[in-house]
Amino acid sequence: MQIFNTLGRALENFEPRDPGKVGMYVCGATVQSKPHLGHGRYAVVFDVVRRYLAYIGYDVTYVRNVTDVDDKIIDAANAAGVSTQQIVDEAHEAFLLAYEKLGVLPADIEPRATEHIAQMITMIEQLIAGGHAYEAGGDVYFSVRGFPDYGKLSGRDVDELQSGARIAVGDLKRDPLDFALWKGAKPGEPSWPSPWGEGRPGWHIECSAMAHEYLGTSFDIHGGGNDLIFPHHENEIAQAEAALGIEPFARYWMHNGMMTLTGEKMSKSTGHIIDLLDAVEKYPGLAVRLFYLRTHYRKPLDFSEDALADASASLDRLWSFRRRRPGPVEDVPAEDVMTSFRKVMENDVDVAGAMGVLFDAVREGNRRLDAGESADAWIAAYDEIVDVLGLAEPARGLEDIADSLGELAARFEVGGVTAAALVDALVERRNQARAAKDWAIGDTIRDELGALGVVVEDGADGSAWHRR
RNA sequence: GGCGACGUGGCCGAGUGGUUAGGCAAGGGUCUGCAAAACCCUGUACCCGGGUUCGAUUCCCGGCGUCGCCUCCA
C-alpha cells in the first residue's frame with residue numbers, strides 16, 4: 001500500500017522491515033488533564049491504520065506511549081495540591097475510557113515514561129560518549145549542531161531556527177538550539193538517580209528510548225499529530241540516530257491533521273477545546289469515531305455540533321442496514337466491493353473514500369433486501385469493512401431496563417423468562433392488537449418501549465426491535 | 001519573515017486530465033393504519049486570472065483567502 005511519509009513528504013510504497021510484520025509506535029498523550037476531541041482523532045486514525053494493516057495480513061505490534069512525567073503534570077499537581085501520581089492516574093483513566101468509547105483497540109504495549117528511566121539513561125550515556133550531548137550543572141543537553149541531519153523531518157534549516165530559538169534564564173545550554181535530555185531535579189519534583197545526579201528526563205528522549213526498546217532499530221511506522229513534527233519528532237530522530245548510530249530511526253512517519261474549533265486549532269494550552277468525554281456522552285462514541293473518519297487523516301477537521309449530528313445520522317443508516325438481517329452470514333463478501341475498499345485504503349488510508357464504498361454496498365444490500373433477493377454477500381462485505389473501520393454496532397443488553405420491562409409486560413398481561421423474551425412478548429401483543437385494528441394499544445406499547453430505549457419498527461416481514 | 005497544507009454543489013467531504021463519489025439536509029414518488037426504515041427520481045459543484053493540452057476541477061505560474069508548524073500541544 002501507499003503511505004504518505006512525512007520524512008520526504010511523498011507517497012511511498014509501504015514495505016515493512018521484516019516481511020509480514022509491522023512495528024508501529026504512536027505518540028500518545030501527556031496525561032496531564034482530560035482528553036479533548038483532538039486526542040480522540042489521533043487515537044482513531046492510527047487505530048484504523050493498525051486494523052487495516054492487520055486486515056491485509058500483517059502481524060502488527062502497536063505501541064502507544066504514555067507520557068507521565070513533564071512540567072505540566074508537575075504544575076498541575078502543585079496547583080491542585082496533590083501528587084503527580086494522582087494527576088497521572090486520573091487523566092490516564094479518562095483517556096482509557098475515551099479510547100474505549102471510541103472503539104479504539106488497546107495497544108499491544110503501552111509503555112510509561114517513568115518505567116523506562118534506565119533505558120533513557122543508557123541512551124543519554126551513549127549520546128555523551130559519542131560527543132552528541134554534554135552535561136552542564138546536572139542537566140544534559142543534546143548538541144543540535146553536532147547532528148548534520150537535524151531538520152530532515154520538519155524541513156527546517158538549523159541556521160534559520162537560530163533566530164527563533166530562545167534561552168531561558170539560568171539555562172546552561174551551549175547553543176540556543178540545544179534541548180534537554182535530562183533535567184536536574186528541583187525541590188518538590190519527582191526525580192530519579194542518574195550519573196548526573198537526581199533528575200528527570202526531557203520530553204523527547206522517552207519516545208526514542210521506548211520505541212527502540214520495543215520495536216528495535218529502523219522500525220516501520222511512527223505516528224502522531226502533525227503538531228509533534230517539530231520539535232518532538234525531529235528531536236526523537238536526532239537522539240535515536242545519534243545514539244544508536246542507525247539510520248533511519250523509523251522508516252515511515254505518519255502525521256494526522258489537527259482538530260479545529262471555529263477554524264482554530266484545538267489546544268489544551270489555550271483551553272480552546274471540546275471535552276472528549278462530553279462528546280461521547282452526548283453522541284454514541286462510534287458516531288464521534290465516524291465523524292473523525294469522514295475526513296482524510298492528514299487534513300484539518302473542524303468541529304461543529306451539526307457535523308457530529310450529521311455523522312450520527314450516517315451511523316444510523318449503517319446500523320439499520322445491518323439490523324435488517326441480524327446474526328452472522330455465510331456468504332463471502334461481494335468481491336467488487338472489497339476490491340474497491342482495498343483500492344482506496346491502499347491510497348494512503350483513504351478512509352473517507354472507503355466510506356463511499358461502504359455506503360454504496362449498503363444501498364445495494366438494501367435494494368436487494370427490498371427486492372426479496374439475498375443480500376448476504378453485501379452484508380458480509382459490510383461486516384468486513386465495518387470491522388476494519390471499527391464501526392460495528394456494539395451489542396447492547398437489556399439488563400438496565402429489565403425491571404421496567406417486567407412492569408410493562410405485567411401491564412399488558414404478557415410474560416417471559418428473559419428481558420428479551422419480554423420484549424418479544426410485548427411486540428407480539430402489539431401485533432395482535434394491530435391485527436384487530438386496535439391502533440391505540442399498539443401505539444401505546446410501541447411508545448412505552450420507545451421510552452425505555454427499545455425501538456420497534458414494522459417491516460414487510462414482521463416487526464423488529466432493537467436497543468437504541 | 002521561514003517552512004508546509006488547504007480552498008469541491010445548501011452543509012460536510014473523497015477523487016479524477018475527458019465517463020455517477022459518498023453522507024447529511026431538501027423536493028417529488030413507491031411502500032405503509034400511523035411511525036420508522038428502505039428503494040427510485042431531482043439539484044449537475046470544483047476560489048480568481050493566465051498558461052500547457054484536442055480537452056483542466058484535476059498539471060504549471062501568478063493572485064486572493066483560510067489554516068498549521070517555527071514555544072508546551074494529538
# chains A, B, ... in the order shown; residues from 1 in each chain; ligands from 1
>>> interface_residues(of="chain A", to="chain B", cutoff="7 Å", atoms="only C-alpha atoms (C1' of nucleotides)", output="PyMOL selection string")
chain A and resi 29+38-39+42+155-156+224-225+227+230+267-269+294-295+307+310+314+352-353+355-356+359+366-367+370+457
>>> write_last_selection(atoms="C-alpha atoms", output="tab-separated table (two decimals), in the first residue's frame")
chain	number	residue	atom	x	y	z
A	29	ALA	CA	-0.84	11.71	25.29
A	38	GLY	CA	-8.09	16.23	19.20
A	39	HIS	CA	-6.79	13.35	21.24
A	42	TYR	CA	-5.12	10.65	16.62
A	155	GLY	CA	12.22	20.64	6.67
A	156	ARG	CA	13.88	23.13	8.93
A	224	GLY	CA	1.43	11.18	15.90
A	225	GLY	CA	-0.23	14.52	15.46
A	227	ASP	CA	1.98	19.36	15.76
A	230	PHE	CA	8.70	19.87	15.24
A	267	SER	CA	-5.14	23.05	22.04
A	268	LYS	CA	-5.19	22.30	25.68
A	269	SER	CA	-2.76	25.09	26.42
A	294	ARG	CA	-15.13	11.06	7.24
A	295	THR	CA	-12.19	13.35	6.68
A	307	ALA	CA	-21.16	17.79	11.93
A	310	ASP	CA	-24.62	14.52	10.69
A	314	SER	CA	-24.88	8.41	8.91
A	352	ALA	CA	-13.30	8.84	3.52
A	353	GLY	CA	-13.16	7.07	0.17
A	355	MET	CA	-16.86	5.35	3.45
A	356	GLY	CA	-18.19	5.88	-0.04
A	359	PHE	CA	-22.40	3.28	1.69
A	366	ASN	CA	-30.89	-2.57	0.98
A	367	ARG	CA	-32.07	-2.64	-2.61
A	370	ASP	CA	-36.34	-4.73	-0.72
A	457	GLU	CA	-40.15	-0.99	13.56
>>> residues_around(residues="region 330-342 of chain A", least_positions_apart="3", cutoff="10 Å", atoms="only C-alpha atoms (C1' of nucleotides)", output="PDB file with C-alpha atoms, in the first residue's frame")
ATOM      1  CA  MET A   1       0.000   0.000   0.000  1.00  0.00           C
ATOM      2  CA  TYR A  52      -6.107  -2.226   8.161  1.00  0.00           C
ATOM      3  CA  ILE A  56      -4.242  -7.246   4.907  1.00  0.00           C
ATOM      4  CA  GLY A 327     -26.587 -12.541  13.043  1.00  0.00           C
ATOM      5  CA  MET A 345      -7.421   2.130   1.557  1.00  0.00           C
ATOM      6  CA  GLU A 346      -4.148   1.374  -0.216  1.00  0.00           C
ATOM      7  CA  ASN A 347      -4.105   5.005  -1.249  1.00  0.00           C
ATOM      8  CA  VAL A 349      -5.556   5.074   4.050  1.00  0.00           C
ATOM      9  CA  ASP A 350      -8.312   6.977   2.268  1.00  0.00           C
ATOM     10  CA  VAL A 351     -10.954   6.167   4.816  1.00  0.00           C
ATOM     11  CA  GLY A 353     -13.161   7.074   0.167  1.00  0.00           C
ATOM     12  CA  ALA A 354     -13.789   3.777   1.947  1.00  0.00           C
ATOM     13  CA  MET A 355     -16.859   5.346   3.450  1.00  0.00           C
ATOM     14  CA  GLY A 356     -18.190   5.877  -0.036  1.00  0.00           C
ATOM     15  CA  VAL A 357     -17.566   2.219  -0.873  1.00  0.00           C
ATOM     16  CA  LEU A 358     -19.317   1.160   2.307  1.00  0.00           C
ATOM     17  CA  ASP A 360     -22.596   2.038  -1.863  1.00  0.00           C
ATOM     18  CA  ALA A 361     -22.611  -1.509  -0.533  1.00  0.00           C
ATOM     19  CA  SER A 374     -30.255 -12.348  -0.995  1.00  0.00           C
ATOM     20  CA  ALA A 375     -28.007  -9.579   0.238  1.00  0.00           C
ATOM     21  CA  ASP A 376     -25.654 -11.856   2.131  1.00  0.00           C
ATOM     22  CA  ALA A 377     -22.618 -11.038   0.028  1.00  0.00           C
ATOM     23  CA  TRP A 378     -23.162  -7.337   0.699  1.00  0.00           C
ATOM     24  CA  ILE A 379     -23.804  -7.897   4.369  1.00  0.00           C
ATOM     25  CA  ALA A 380     -20.600  -9.907   4.536  1.00  0.00           C
ATOM     26  CA  ALA A 381     -18.767  -7.068   2.809  1.00  0.00           C
ATOM     27  CA  TYR A 382     -20.325  -4.630   5.222  1.00  0.00           C
ATOM     28  CA  ASP A 383     -19.157  -6.709   8.170  1.00  0.00           C
ATOM     29  CA  GLU A 384     -15.637  -6.903   6.883  1.00  0.00           C
ATOM     30  CA  ILE A 385     -15.319  -3.181   6.148  1.00  0.00           C
TER      31      ILE A 385
END
>>> residues_around(residues="Pro195 (chain A)", least_positions_apart="3", cutoff="10 Å", atoms="only C-alpha atoms (C1' of nucleotides)", output="PDB file with all heavy atoms, in the first residue's frame")
ATOM      1  N   ILE A 121      18.456   6.663  30.356  1.00  0.00           N
ATOM      2  CA  ILE A 121      19.790   6.980  30.856  1.00  0.00           C
ATOM      3  C   ILE A 121      20.857   6.315  29.980  1.00  0.00           C
ATOM      4  O   ILE A 121      21.861   6.944  29.624  1.00  0.00           O
ATOM      5  CB  ILE A 121      19.923   6.546  32.334  1.00  0.00           C
ATOM      6  CG1 ILE A 121      19.090   7.495  33.213  1.00  0.00           C
ATOM      7  CG2 ILE A 121      21.387   6.545  32.782  1.00  0.00           C
ATOM      8  CD1 ILE A 121      19.032   7.115  34.682  1.00  0.00           C
ATOM      9  N   GLU A 125      23.700   8.280  27.936  1.00  0.00           N
ATOM     10  CA  GLU A 125      25.131   7.958  28.094  1.00  0.00           C
ATOM     11  C   GLU A 125      25.786   7.705  26.737  1.00  0.00           C
ATOM     12  O   GLU A 125      26.914   8.119  26.490  1.00  0.00           O
ATOM     13  CB  GLU A 125      25.295   6.735  28.997  1.00  0.00           C
ATOM     14  CG  GLU A 125      25.024   7.060  30.460  1.00  0.00           C
ATOM     15  CD  GLU A 125      25.167   5.847  31.375  1.00  0.00           C
ATOM     16  OE1 GLU A 125      24.696   4.754  30.969  1.00  0.00           O
ATOM     17  OE2 GLU A 125      25.722   5.995  32.468  1.00  0.00           O
ATOM     18  N   GLU A 135      26.952  17.326  29.633  1.00  0.00           N
ATOM     19  CA  GLU A 135      26.373  17.571  30.942  1.00  0.00           C
ATOM     20  C   GLU A 135      26.721  18.996  31.360  1.00  0.00           C
ATOM     21  O   GLU A 135      27.810  19.497  31.054  1.00  0.00           O
ATOM     22  CB  GLU A 135      26.943  16.553  31.930  1.00  0.00           C
ATOM     23  CG  GLU A 135      26.265  16.537  33.286  1.00  0.00           C
ATOM     24  CD  GLU A 135      26.963  17.451  34.288  1.00  0.00           C
ATOM     25  OE1 GLU A 135      28.150  17.742  34.090  1.00  0.00           O
ATOM     26  OE2 GLU A 135      26.299  17.876  35.250  1.00  0.00           O
ATOM     27  N   GLY A 138      24.179  19.410  36.144  1.00  0.00           N
ATOM     28  CA  GLY A 138      23.118  18.467  36.495  1.00  0.00           C
ATOM     29  C   GLY A 138      22.116  18.247  35.372  1.00  0.00           C
ATOM     30  O   GLY A 138      21.318  17.320  35.410  1.00  0.00           O
ATOM     31  N   GLU A 198      20.394  13.488  40.804  1.00  0.00           N
ATOM     32  CA  GLU A 198      18.947  13.318  40.772  1.00  0.00           C
ATOM     33  C   GLU A 198      18.348  14.194  39.669  1.00  0.00           C
ATOM     34  O   GLU A 198      18.790  15.334  39.473  1.00  0.00           O
ATOM     35  CB  GLU A 198      18.341  13.733  42.122  1.00  0.00           C
ATOM     36  CG  GLU A 198      18.570  12.750  43.253  1.00  0.00           C
ATOM     37  CD  GLU A 198      17.638  11.550  43.148  1.00  0.00           C
ATOM     38  OE1 GLU A 198      16.443  11.740  42.875  1.00  0.00           O
ATOM     39  OE2 GLU A 198      18.117  10.402  43.313  1.00  0.00           O
ATOM     40  N   GLY A 199      17.350  13.644  39.002  1.00  0.00           N
ATOM     41  CA  GLY A 199      16.736  14.451  37.953  1.00  0.00           C
ATOM     42  C   GLY A 199      15.627  13.683  37.254  1.00  0.00           C
ATOM     43  O   GLY A 199      15.169  12.639  37.727  1.00  0.00           O
TER      44      GLY A 199
END
>>> closest_residue(among="A:Arg434, A:Asp348, A:Met123, A:Gly188", to="Val82 (chain A)", atoms="only C-alpha atoms")
A:Gly188
>>> atom_distance(atom1="CA of Gln126 (chain A)", atom2="CA of Gln239 (chain A)")
9.7 Å
>>> residues_around(residues="Leu102 (chain A)", least_positions_apart="6", cutoff="8 Å", atoms="only C-alpha atoms (C1' of nucleotides)", output="number ranges by chain")
A: 40, 44, 280, 285-286, 288-289
>>> atom_distance(atom1="CA of Phe412 (chain A)", atom2="CA of Asp447 (chain A)")
13.5 Å
>>> select_by_dssp(residues="region 87-218 of chain A", states="helix (DSSP H, G or I)", output="PyMOL selection string")
chain A and resi 87-101+113-115+117-129+144-146+158-164+205-215
>>> select_by_dssp(residues="region 140-222 of chain A", states="strand (DSSP E or B)", output="PyMOL selection string")
chain A and resi 140-142+179-184+192+199-201+219-222
>>> atom_distance(atom1="CA of Asp89 (chain A)", atom2="CA of Asp47 (chain A)")
22.8 Å
>>> residues_around(residues="Trp182 (chain A)", least_positions_apart="6", cutoff="6 Å", atoms="only C-alpha atoms (C1' of nucleotides)", output="ChimeraX atom specification")
/A:139-140,200-202
>>> residues_around(residues="region 116-119 of chain A", least_positions_apart="2", cutoff="12 Å", atoms="only C-alpha atoms (C1' of nucleotides)", output="JSON, numbers by chain")
{"A": [65, 66, 67, 68, 69, 110, 111, 112, 113, 114, 121, 122, 123, 124, 125, 126, 181, 182, 191, 192, 193, 194, 195, 198, 199, 200, 201, 202, 203, 205, 206, 207, 208, 209, 210, 211, 212, 213, 214, 240, 243]}
>>> closest_residue(among="B:G18, B:G10, B:G43, B:C48", to="G65 (chain B)", atoms="only C-alpha atoms (C1' of nucleotides)")
B:C48
>>> closest_residue(among="A:Glu189, A:Glu100, A:Asp178, A:Glu428", to="Leu277 (chain A)", atoms="only C-alpha atoms")
A:Glu100
